[in-house]
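With compact mmCIF, C-alpha atoms inside, this is model19.txt:
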# COMPACT_ATOMS: atom_id res chain seq x y z
CA MET A 439 -88.17 75.28 106.49
CA ALA A 440 -85.56 72.65 107.18
CA GLY A 441 -86.49 68.97 106.75
CA ASN A 442 -87.42 66.82 109.74
CA ASP A 443 -84.19 64.82 109.67
CA LEU A 444 -82.17 68.02 109.61
CA LEU A 445 -84.12 69.46 112.55
CA SER A 446 -83.56 66.26 114.51
CA ASP A 447 -79.84 66.54 113.77
CA TYR A 448 -79.83 70.18 114.94
CA LEU A 449 -81.58 69.18 118.16
CA ALA A 450 -79.15 66.34 118.86
CA ALA A 451 -76.18 68.67 118.32
CA ALA A 452 -77.67 71.31 120.62
CA VAL A 453 -78.34 68.74 123.35
CA GLU A 454 -74.74 67.47 123.09
CA ALA A 455 -73.43 71.03 123.38
CA ALA A 456 -75.71 71.81 126.33
CA ARG A 457 -74.70 68.66 128.19
CA GLY A 458 -71.02 69.46 127.64
CA ALA A 459 -71.47 72.97 129.00
CA GLY A 460 -73.55 71.52 131.82
CA GLU A 461 -70.54 69.56 133.04
CA VAL A 462 -68.57 72.80 133.24
CA ILE A 463 -71.37 74.55 135.14
CA ARG A 464 -71.87 71.63 137.52
CA LYS A 465 -68.17 71.59 138.36
CA GLY A 466 -67.99 75.37 138.79
CA PHE A 467 -71.18 75.54 140.84
CA TYR A 468 -69.48 74.07 143.90
CA GLN A 469 -66.20 75.97 143.56
CA THR A 470 -65.09 79.51 144.33
CA LYS A 471 -66.27 81.86 141.57
CA HIS A 472 -64.26 84.61 139.93
CA VAL A 473 -66.84 87.29 139.28
CA GLU A 474 -66.75 90.35 137.04
CA HIS A 475 -69.39 93.09 136.74
CA LYS A 476 -71.04 94.00 133.44
CA GLY A 477 -73.12 96.57 135.34
CA GLN A 478 -74.10 97.47 138.89
CA VAL A 479 -75.73 94.08 139.53
CA ASP A 480 -75.16 92.28 136.18
CA LEU A 481 -72.48 89.62 136.67
CA VAL A 482 -70.30 87.44 134.47
CA THR A 483 -67.95 84.61 135.46
CA GLU A 484 -65.21 82.55 133.89
CA THR A 485 -67.78 79.77 133.58
CA ASP A 486 -70.04 81.90 131.33
CA LYS A 487 -67.16 82.49 128.95
CA ALA A 488 -65.87 78.90 129.01
CA CYS A 489 -69.36 77.52 128.30
CA GLU A 490 -69.97 79.85 125.38
CA ASP A 491 -66.64 78.84 123.82
CA LEU A 492 -67.46 75.16 124.31
CA ILE A 493 -70.95 75.45 122.79
CA PHE A 494 -69.86 77.55 119.82
CA ASN A 495 -66.89 75.32 119.06
CA HIS A 496 -69.10 72.23 119.12
CA LEU A 497 -71.76 73.72 116.85
CA LYS A 498 -69.34 75.46 114.46
CA GLN A 499 -67.61 72.16 113.78
CA ARG A 500 -70.96 70.64 112.79
CA TYR A 501 -72.42 73.66 110.99
CA PRO A 502 -69.62 75.94 109.75
CA THR A 503 -71.95 77.97 107.48
CA HIS A 504 -74.40 78.87 110.25
CA LYS A 505 -74.44 82.22 112.08
CA PHE A 506 -73.85 82.54 115.82
CA ILE A 507 -75.02 85.06 118.44
CA GLY A 508 -73.91 84.62 122.05
CA GLU A 509 -74.40 86.71 125.16
CA GLU A 510 -70.73 86.97 126.09
CA THR A 511 -69.50 87.44 122.50
CA THR A 512 -72.04 90.23 122.00
CA ALA A 513 -71.03 91.84 125.29
CA ALA A 514 -67.39 91.83 124.18
CA CYS A 515 -67.79 92.64 120.48
CA GLY A 516 -71.04 94.59 120.15
CA THR A 517 -74.45 93.79 118.71
CA SER A 518 -74.90 90.96 116.23
CA GLU A 519 -77.69 91.46 113.71
CA LEU A 520 -80.18 88.62 113.34
CA THR A 521 -80.60 87.58 109.69
CA ASP A 522 -82.68 84.95 107.87
CA GLU A 523 -79.71 82.56 107.88
CA PRO A 524 -79.77 79.62 110.31
CA THR A 525 -78.54 81.27 113.52
CA TRP A 526 -77.63 79.71 116.85
CA ILE A 527 -78.50 82.07 119.71
CA VAL A 528 -76.87 81.05 122.97
CA ASP A 529 -76.95 82.06 126.61
CA PRO A 530 -74.16 79.90 128.04
CA LEU A 531 -75.27 80.49 131.64
CA ASP A 532 -78.67 82.05 132.23
CA GLY A 533 -78.97 82.87 135.91
CA THR A 534 -75.37 83.94 136.53
CA THR A 535 -76.31 85.68 139.80
CA ASN A 536 -77.95 82.45 140.96
CA PHE A 537 -74.79 80.57 139.96
CA VAL A 538 -72.61 82.95 141.97
CA HIS A 539 -74.81 82.51 145.05
CA GLY A 540 -75.16 78.74 144.72
CA PHE A 541 -78.90 79.01 143.98
CA PRO A 542 -79.72 76.11 141.65
CA PHE A 543 -81.88 77.93 139.05
CA VAL A 544 -79.22 78.11 136.35
CA CYS A 545 -79.29 76.84 132.79
CA ILE A 546 -77.79 76.77 129.33
CA SER A 547 -80.14 78.14 126.67
CA ILE A 548 -79.58 77.27 123.01
CA GLY A 549 -81.99 78.37 120.29
CA LEU A 550 -81.80 78.00 116.52
CA THR A 551 -83.65 80.50 114.35
CA ILE A 552 -84.31 79.87 110.66
CA GLY A 553 -85.73 82.82 108.76
CA LYS A 554 -85.67 84.66 112.13
CA VAL A 555 -88.20 82.12 113.49
CA PRO A 556 -87.19 80.17 116.63
CA THR A 557 -87.20 76.57 115.39
CA VAL A 558 -85.13 74.44 117.80
CA GLY A 559 -84.83 75.07 121.53
CA VAL A 560 -82.79 73.44 124.29
CA VAL A 561 -82.75 74.66 127.90
CA TYR A 562 -80.72 72.56 130.33
CA ASN A 563 -80.41 72.98 134.10
CA PRO A 564 -77.44 70.76 134.99
CA ILE A 565 -77.81 71.25 138.75
CA MET A 566 -81.41 70.00 138.87
CA GLU A 567 -80.83 67.65 135.88
CA GLU A 568 -83.72 69.01 133.83
CA LEU A 569 -83.43 69.07 130.04
CA PHE A 570 -86.19 70.94 128.20
CA THR A 571 -86.35 70.52 124.44
CA GLY A 572 -88.59 71.65 121.63
CA VAL A 573 -88.58 71.46 117.82
CA GLN A 574 -91.07 73.29 115.63
CA GLY A 575 -93.94 70.93 114.87
CA LYS A 576 -92.56 68.14 117.07
CA GLY A 577 -93.76 68.99 120.59
CA ALA A 578 -91.94 69.90 123.79
CA PHE A 579 -90.30 67.61 126.30
CA LEU A 580 -88.74 67.53 129.77
CA ASN A 581 -86.17 64.75 130.12
CA GLY A 582 -87.81 63.03 127.15
CA ASN A 583 -91.36 63.18 128.52
CA PRO A 584 -93.99 65.33 126.74
CA ILE A 585 -94.98 68.56 128.51
CA LYS A 586 -97.84 70.99 128.08
CA VAL A 587 -98.87 74.36 129.47
CA SER A 588 -101.42 74.72 132.27
CA SER A 589 -105.14 74.97 131.56
CA GLN A 590 -105.73 77.70 134.14
CA SER A 591 -108.21 80.32 132.90
CA ASP A 592 -108.81 82.27 136.12
CA LEU A 593 -106.25 85.01 136.85
CA VAL A 594 -106.73 84.85 140.62
CA LYS A 595 -105.60 81.19 140.57
CA CYS A 596 -102.49 81.90 138.47
CA LEU A 597 -98.86 81.74 139.54
CA LEU A 598 -96.97 84.60 137.88
CA ALA A 599 -93.23 84.84 137.22
CA THR A 600 -91.32 88.01 136.44
CA GLU A 601 -87.87 89.48 137.11
CA ALA A 602 -86.56 92.69 138.67
CA GLY A 603 -84.02 93.24 135.88
CA VAL A 604 -80.56 94.72 136.25
CA LYS A 605 -81.30 98.46 136.21
CA ARG A 606 -81.30 100.16 139.59
CA ASP A 607 -82.38 103.73 138.82
CA LYS A 608 -85.37 104.98 140.81
CA ALA A 609 -87.71 105.44 137.85
CA THR A 610 -87.17 101.87 136.61
CA LEU A 611 -87.56 100.37 140.08
CA ASP A 612 -90.67 102.43 140.85
CA ALA A 613 -92.25 101.25 137.60
CA SER A 614 -91.35 97.57 138.02
CA THR A 615 -92.30 97.31 141.70
CA GLY A 616 -95.48 99.30 141.08
CA ARG A 617 -96.50 96.87 138.37
CA ILE A 618 -95.80 93.88 140.62
CA LYS A 619 -97.83 95.46 143.42
CA SER A 620 -100.78 95.97 141.07
CA LEU A 621 -100.53 92.41 139.73
CA LEU A 622 -100.51 90.95 143.25
CA PHE A 623 -104.12 92.10 143.59
CA LYS A 624 -105.00 90.06 140.50
CA VAL A 625 -103.05 86.78 140.74
CA ARG A 626 -102.37 84.13 143.36
CA SER A 627 -98.67 84.87 143.87
CA VAL A 628 -95.46 86.03 142.18
CA ARG A 629 -92.11 84.29 141.71
CA MET A 630 -88.70 85.61 140.62
CA SER A 631 -86.44 82.67 139.78
CA GLY A 632 -83.61 84.71 138.24
CA SER A 633 -83.66 82.95 134.85
CA CYS A 634 -85.74 84.11 131.91
CA ALA A 635 -85.17 80.83 130.05
CA LEU A 636 -86.28 78.71 133.01
CA ASN A 637 -89.33 80.93 133.53
CA LEU A 638 -90.36 80.18 129.94
CA CYS A 639 -89.83 76.47 130.58
CA GLY A 640 -91.94 76.82 133.73
CA ILE A 641 -94.78 78.04 131.53
CA ALA A 642 -94.17 75.18 129.09
CA CYS A 643 -94.48 72.45 131.72
CA GLY A 644 -97.35 74.06 133.64
CA ARG A 645 -95.46 74.99 136.81
CA LEU A 646 -96.14 78.64 136.04
CA ASP A 647 -99.26 80.13 134.47
CA LEU A 648 -98.05 83.63 133.54
CA PHE A 649 -94.68 85.21 132.77
CA TYR A 650 -93.57 88.62 131.61
CA GLU A 651 -90.27 90.46 131.54
CA ALA A 652 -89.03 93.66 129.95
CA GLY A 653 -85.45 94.88 129.64
CA PHE A 654 -83.72 91.48 129.77
CA GLY A 655 -80.32 90.99 128.17
CA GLY A 656 -81.14 90.00 124.60
CA PRO A 657 -82.46 87.30 122.26
CA TRP A 658 -80.28 84.64 123.92
CA ASP A 659 -82.58 84.77 126.97
CA VAL A 660 -85.67 83.77 124.96
CA ALA A 661 -84.58 81.99 121.75
CA GLY A 662 -84.61 78.49 123.26
CA GLY A 663 -87.56 78.88 125.63
CA ALA A 664 -89.86 80.45 123.03
CA VAL A 665 -89.82 77.27 120.91
CA ILE A 666 -90.44 75.10 123.96
CA VAL A 667 -93.44 77.16 125.13
CA LYS A 668 -95.06 77.14 121.69
CA GLU A 669 -94.51 73.41 121.24
CA ALA A 670 -96.07 72.82 124.67
CA GLY A 671 -99.24 74.54 123.45
CA GLY A 672 -98.48 77.94 124.92
CA LEU A 673 -98.25 81.43 123.50
CA VAL A 674 -95.28 83.80 123.47
CA TYR A 675 -96.09 87.45 122.79
CA ASP A 676 -95.20 91.04 123.57
CA PRO A 677 -96.60 92.23 126.94
CA SER A 678 -98.74 94.67 124.93
CA GLY A 679 -100.43 91.68 123.30
CA LYS A 680 -98.72 92.27 119.97
CA ASP A 681 -96.60 89.68 118.18
CA PHE A 682 -93.42 88.52 119.90
CA ASP A 683 -90.21 90.08 118.56
CA ILE A 684 -87.15 88.08 119.56
CA THR A 685 -84.95 91.21 119.41
CA SER A 686 -87.20 93.54 121.44
CA GLN A 687 -86.12 92.60 125.01
CA ARG A 688 -89.81 92.25 125.90
CA VAL A 689 -91.66 88.98 126.41
CA ALA A 690 -94.82 87.51 127.89
CA ALA A 691 -95.98 83.91 127.89
CA SER A 692 -98.99 81.93 129.04
CA ASN A 693 -101.49 79.33 127.98
CA PRO A 694 -103.95 80.51 125.29
CA LEU A 695 -106.93 80.59 127.68
CA ILE A 696 -105.53 83.31 129.94
CA LYS A 697 -103.70 85.51 127.41
CA ASP A 698 -106.37 88.19 126.89
CA ALA A 699 -107.00 88.66 130.61
CA PHE A 700 -103.25 88.79 131.29
CA VAL A 701 -102.60 91.37 128.58
CA GLU A 702 -105.47 93.46 129.93
CA VAL A 703 -104.03 93.63 133.44
CA LEU A 704 -100.52 94.25 132.08
CA GLN A 705 -101.90 97.21 130.10
CA GLN A 706 -103.61 98.54 133.23
CA THR A 707 -100.25 98.55 135.02
CA GLU A 708 -98.25 100.29 132.26

Would you give me this structure, written as structure tokens?
Amino acid sequence: MAGNDLLSDYLAAAVEAARGAGEVIRKGFYQTKHVEHKGQVDLVTETDKACEDLIFNHLKQRYPTHKFIGEETTAACGTSELTDEPTWIVDPLDGTTNFVHGFPFVCISIGLTIGKVPTVGVVYNPIMEELFTGVQGKGAFLNGNPIKVSSQSDLVKCLLATEAGVKRDKATLDASTGRIKSLLFKVRSVRMSGSCALNLCGIACGRLDLFYEAGFGGPWDVAGGAVIVKEAGGLVYDPSGKDFDITSQRVAASNPLIKDAFVEVLQQTE
């Protein structure tokens, strides 16, 4: 485990990188976008690529021996294996579809894993000017103010977030919409914000009570938010209730009080 001073240094560097990328996103948000397709509905823009370059360049200058995994680099060059080495895992623009449509739920997500454990997390929405941060053992913050998860223990009073994903085959859509339909009988309401990282931050600051998603892009969607949820007193786990695996493309999050009931209803809708 890295020392406290070192972790504080890592956090400061990640915040600097996120704010720099945020300027690029803020500028691009109000301009005409040049959009490419990674899949039928999975989009990428020049801004995604520019932000990843900016973030990696900033962090590589500070930490040349560290490893780096980024969404756009992985898309271009293939899978990067996560090792025990200090590894920066970056989504330069989570919520690209929102960005393209001018919907303000977009963010930069930067996570640092040490020994494969998410240790530092920064999630920054430059349009709404919200900076979420978390460091293992140090708490979680929104714009410098401490945050904590909700204390809701009754499923029927919970606000649930999930996402539709990017696959559009009938079997996948039938399964995902069927699960949402079943869950709507159990919870107060459902939200789809279009950003996995911001959904995790919603859990961390108590705006959301429950979140699950399966089939998202990769560890860059969850590496930053997972630290922030845990440091806000929440739990991050597999939707089956098993331990969270950052490489599995499956995640659930909630406060500790509601986890067992949430996992139970998720299992009923499998």

message = I'd like the interatomic distance between CA of Glu702 in chain A and CA of Gln687 in chain A, to a tenth of an Å.
response =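 One can read the CA of Glu702 in chain A to CA of Gln687 in chain A distance as 20.0 Å.
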
inquiry  = With distances taken over all atoms listed in the file, which residue among A:Leu444, A:Ile463, A:Val538, A:Leu597 lies nearest Pro524 in chain A?
reply    = A:Leu444

query = With only C-alpha atoms as the atoms that count, which of A:Asp683, A:Glu601, A:Asp659, A:Asp698 lies nearest to Ile527 in chain A?
reply =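 Ranking A:Asp683, A:Glu601, A:Asp659, A:Asp698 by distance to Ile527 in chain A, first place goes to A:Asp659.
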
key: Distance criterion (all atoms listed in the file): nearest to Lys697 in chain A out of A:Glu461, A:Asp607, A:Glu509, A:Asp592   =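 Among the listed residues, A:Asp592 lies closest to Lys697 in chain A.
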
inquiry  = Which residue is closest to Val689 in chain A? Choose from A:Ser614, A:Thr600, A:Thr707, A:Ser518 and count all atoms listed in the file.
reply    =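 Ranking A:Ser614, A:Thr600, A:Thr707, A:Ser518 by distance to Val689 in chain A, first place goes to A:Thr600.
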
message = Just the number, please: distance in Å from CA of Leu646 in chain A to CA of Met566 in chain A, one decimal.
response =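 Rounded to one decimal, the two atoms are 17.3 Å apart.
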
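Distances here use all atoms listed in the file; by that measure, the residue among A:Thr615, A:Thr525, A:Thr685, A:Ser692 closest to Phe494 in chain A is A:Thr525.
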
query = Which one of A:Phe537, A:Leu622, A:Thr521, A:Tyr448 sits closest to Tyr501 in chain A if you count all atoms listed in the file?
reply =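 For Tyr501 in chain A, the nearest of the candidates is A:Tyr448.
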
key: Atom pair CA of Val587 in chain A / CA of Cys545 in chain A: separation (Å)   = 20.0 Å

message = Which polymer residues, whether protein, DNA or RNA, lie within 10 Å of the coordinate (-66.9, 81.9, 128.6) when you count only C-alpha atoms? List them as a ChimeraX atom specification, using the chain letters and numbers from the file.
response = /A:482-493,508-511,530-531

task = For Leu704 in chain A, please output as a VMD selection string all residues within 12 Å (counting all atoms listed in the file; exclusion window: fewer than 5 positions along the same chain).
result = chain A and resid 593 598 600 614 616 to 622 624 to 625 648 to 652 676 to 679 689 to 690 697 to 699

Closest atom pairs, residues of range 599-693 of chain A within 12 Å of range 548-555 of chain A, all atoms listed in the file, as a tab-separated table:
residue	atom	partner	partner_atom	distance
A:Ala635	CA	A:Ile548	CA	9.7
A:Pro657	CA	A:Gly549	CA	9.2
A:Trp658	CA	A:Gly549	CA	7.4
A:Asp659	CA	A:Ile548	CA	9.0
A:Val660	CA	A:Gly549	CA	8.0
A:Ala661	CA	A:Gly549	CA	4.7
A:Gly662	CA	A:Gly549	CA	4.0
A:Gly663	CA	A:Gly549	CA	7.7
A:Ala664	CA	A:Gly549	CA	8.6
A:Val665	CA	A:Gly549	CA	7.9
A:Ile666	CA	A:Gly549	CA	9.8
A:Lys668	CA	A:Val555	CA	11.8
A:Phe682	CA	A:Val555	CA	10.5
A:Asp683	CA	A:Lys554	CA	9.6
A:Ile684	CA	A:Lys554	CA	8.3
A:Thr685	CA	A:Lys554	CA	9.8

For Asn563 in chain A, list every protein, DNA or RNA residue within 10 Å, evaluated using all atoms listed in the file, and leave out those in the same chain fewer than 3 positions away; present the list as a short mmCIF file (atom, residue, chain, number, x, y, z; two decimals) with C-alpha atoms, in the frame of the given file.
data_model
loop_
_atom_site.label_atom_id
_atom_site.label_comp_id
_atom_site.auth_asym_id
_atom_site.auth_seq_id
_atom_site.Cartn_x
_atom_site.Cartn_y
_atom_site.Cartn_z
CA ALA A 456 -75.71 71.81 126.33
CA ARG A 457 -74.70 68.66 128.19
CA GLY A 460 -73.55 71.52 131.82
CA ILE A 463 -71.37 74.55 135.14
CA ARG A 464 -71.87 71.63 137.52
CA LEU A 531 -75.27 80.49 131.64
CA ASP A 532 -78.67 82.05 132.23
CA PRO A 542 -79.72 76.11 141.65
CA PHE A 543 -81.88 77.93 139.05
CA VAL A 544 -79.22 78.11 136.35
CA CYS A 545 -79.29 76.84 132.79
CA ILE A 546 -77.79 76.77 129.33
CA SER A 547 -80.14 78.14 126.67
CA MET A 566 -81.41 70.00 138.87
CA GLU A 567 -80.83 67.65 135.88
CA GLU A 568 -83.72 69.01 133.83
CA LEU A 569 -83.43 69.07 130.04
CA PHE A 570 -86.19 70.94 128.20
CA LEU A 636 -86.28 78.71 133.01
#

Mind completing range 529-540 of chain A with all heavy atoms? Output as a tab-separated table (two decimals), keeping the file's coordinate frame, please?
chain	number	residue	atom	x	y	z
A	529	ASP	N	-77.31	81.54	125.30
A	529	ASP	CA	-76.95	82.06	126.61
A	529	ASP	C	-76.25	80.92	127.33
A	529	ASP	O	-76.88	79.93	127.71
A	529	ASP	CB	-78.19	82.51	127.40
A	529	ASP	CG	-77.82	83.29	128.66
A	529	ASP	OD1	-76.68	83.10	129.16
A	529	ASP	OD2	-78.64	84.08	129.13
A	530	PRO	N	-74.92	81.03	127.50
A	530	PRO	CA	-74.16	79.90	128.04
A	530	PRO	C	-74.44	79.63	129.51
A	530	PRO	O	-74.20	78.53	130.00
A	530	PRO	CB	-72.71	80.32	127.83
A	530	PRO	CG	-72.76	81.83	127.84
A	530	PRO	CD	-74.07	82.19	127.20
A	531	LEU	N	-74.95	80.67	130.22
A	531	LEU	CA	-75.27	80.49	131.64
A	531	LEU	C	-76.33	81.54	131.99
A	531	LEU	O	-76.00	82.66	132.35
A	531	LEU	CB	-74.01	80.65	132.51
A	531	LEU	CG	-74.01	79.96	133.88
A	531	LEU	CD1	-72.66	80.17	134.58
A	531	LEU	CD2	-75.13	80.41	134.79
A	532	ASP	N	-77.58	81.15	131.85
A	532	ASP	CA	-78.67	82.05	132.23
A	532	ASP	C	-78.91	81.85	133.72
A	532	ASP	O	-79.09	80.73	134.18
A	532	ASP	CB	-79.93	81.73	131.43
A	532	ASP	CG	-81.01	82.79	131.64
A	532	ASP	OD1	-80.66	83.97	131.78
A	532	ASP	OD2	-82.20	82.42	131.64
A	533	GLY	N	-78.89	82.96	134.45
A	533	GLY	CA	-78.97	82.87	135.91
A	533	GLY	C	-77.59	82.96	136.54
A	533	GLY	O	-77.30	82.27	137.52
A	534	THR	N	-76.74	83.83	136.00
A	534	THR	CA	-75.37	83.94	136.53
A	534	THR	C	-75.36	84.35	138.00
A	534	THR	O	-74.57	83.83	138.79
A	534	THR	CB	-74.55	84.94	135.69
A	534	THR	OG1	-74.50	84.49	134.34
A	534	THR	CG2	-73.13	85.06	136.22
A	535	THR	N	-76.25	85.27	138.39
A	535	THR	CA	-76.31	85.68	139.80
A	535	THR	C	-76.68	84.49	140.67
A	535	THR	O	-76.10	84.30	141.76
A	535	THR	CB	-77.32	86.82	139.97
A	535	THR	OG1	-76.89	87.94	139.19
A	535	THR	CG2	-77.41	87.26	141.44
A	536	ASN	N	-77.62	83.66	140.22
A	536	ASN	CA	-77.95	82.45	140.96
A	536	ASN	C	-76.73	81.54	141.08
A	536	ASN	O	-76.45	80.98	142.15
A	536	ASN	CB	-79.07	81.68	140.24
A	536	ASN	CG	-80.41	82.38	140.35
A	536	ASN	OD1	-80.61	83.25	141.18
A	536	ASN	ND2	-81.35	81.97	139.51
A	537	PHE	N	-76.00	81.39	139.98
A	537	PHE	CA	-74.79	80.57	139.96
A	537	PHE	C	-73.78	81.07	140.99
A	537	PHE	O	-73.21	80.27	141.76
A	537	PHE	CB	-74.20	80.61	138.55
A	537	PHE	CG	-72.88	79.89	138.38
A	537	PHE	CD1	-72.83	78.52	138.31
A	537	PHE	CD2	-71.69	80.61	138.28
A	537	PHE	CE1	-71.61	77.86	138.14
A	537	PHE	CE2	-70.48	79.96	138.12
A	537	PHE	CZ	-70.45	78.58	138.05
A	538	VAL	N	-73.58	82.36	141.03
A	538	VAL	CA	-72.61	82.95	141.97
A	538	VAL	C	-73.01	82.68	143.42
A	538	VAL	O	-72.17	82.44	144.28
A	538	VAL	CB	-72.46	84.46	141.69
A	538	VAL	CG1	-71.70	85.16	142.82
A	538	VAL	CG2	-71.75	84.69	140.36
A	539	HIS	N	-74.31	82.70	143.68
A	539	HIS	CA	-74.81	82.51	145.05
A	539	HIS	C	-75.09	81.05	145.40
A	539	HIS	O	-75.51	80.76	146.52
A	539	HIS	CB	-76.08	83.34	145.25
A	539	HIS	CG	-75.83	84.80	145.38
A	539	HIS	ND1	-75.69	85.43	146.60
A	539	HIS	CD2	-75.65	85.76	144.43
A	539	HIS	CE1	-75.46	86.72	146.40
A	539	HIS	NE2	-75.43	86.96	145.10
A	540	GLY	N	-74.88	80.14	144.44
A	540	GLY	CA	-75.16	78.74	144.72
A	540	GLY	C	-76.64	78.42	144.77
A	540	GLY	O	-77.06	77.45	145.40
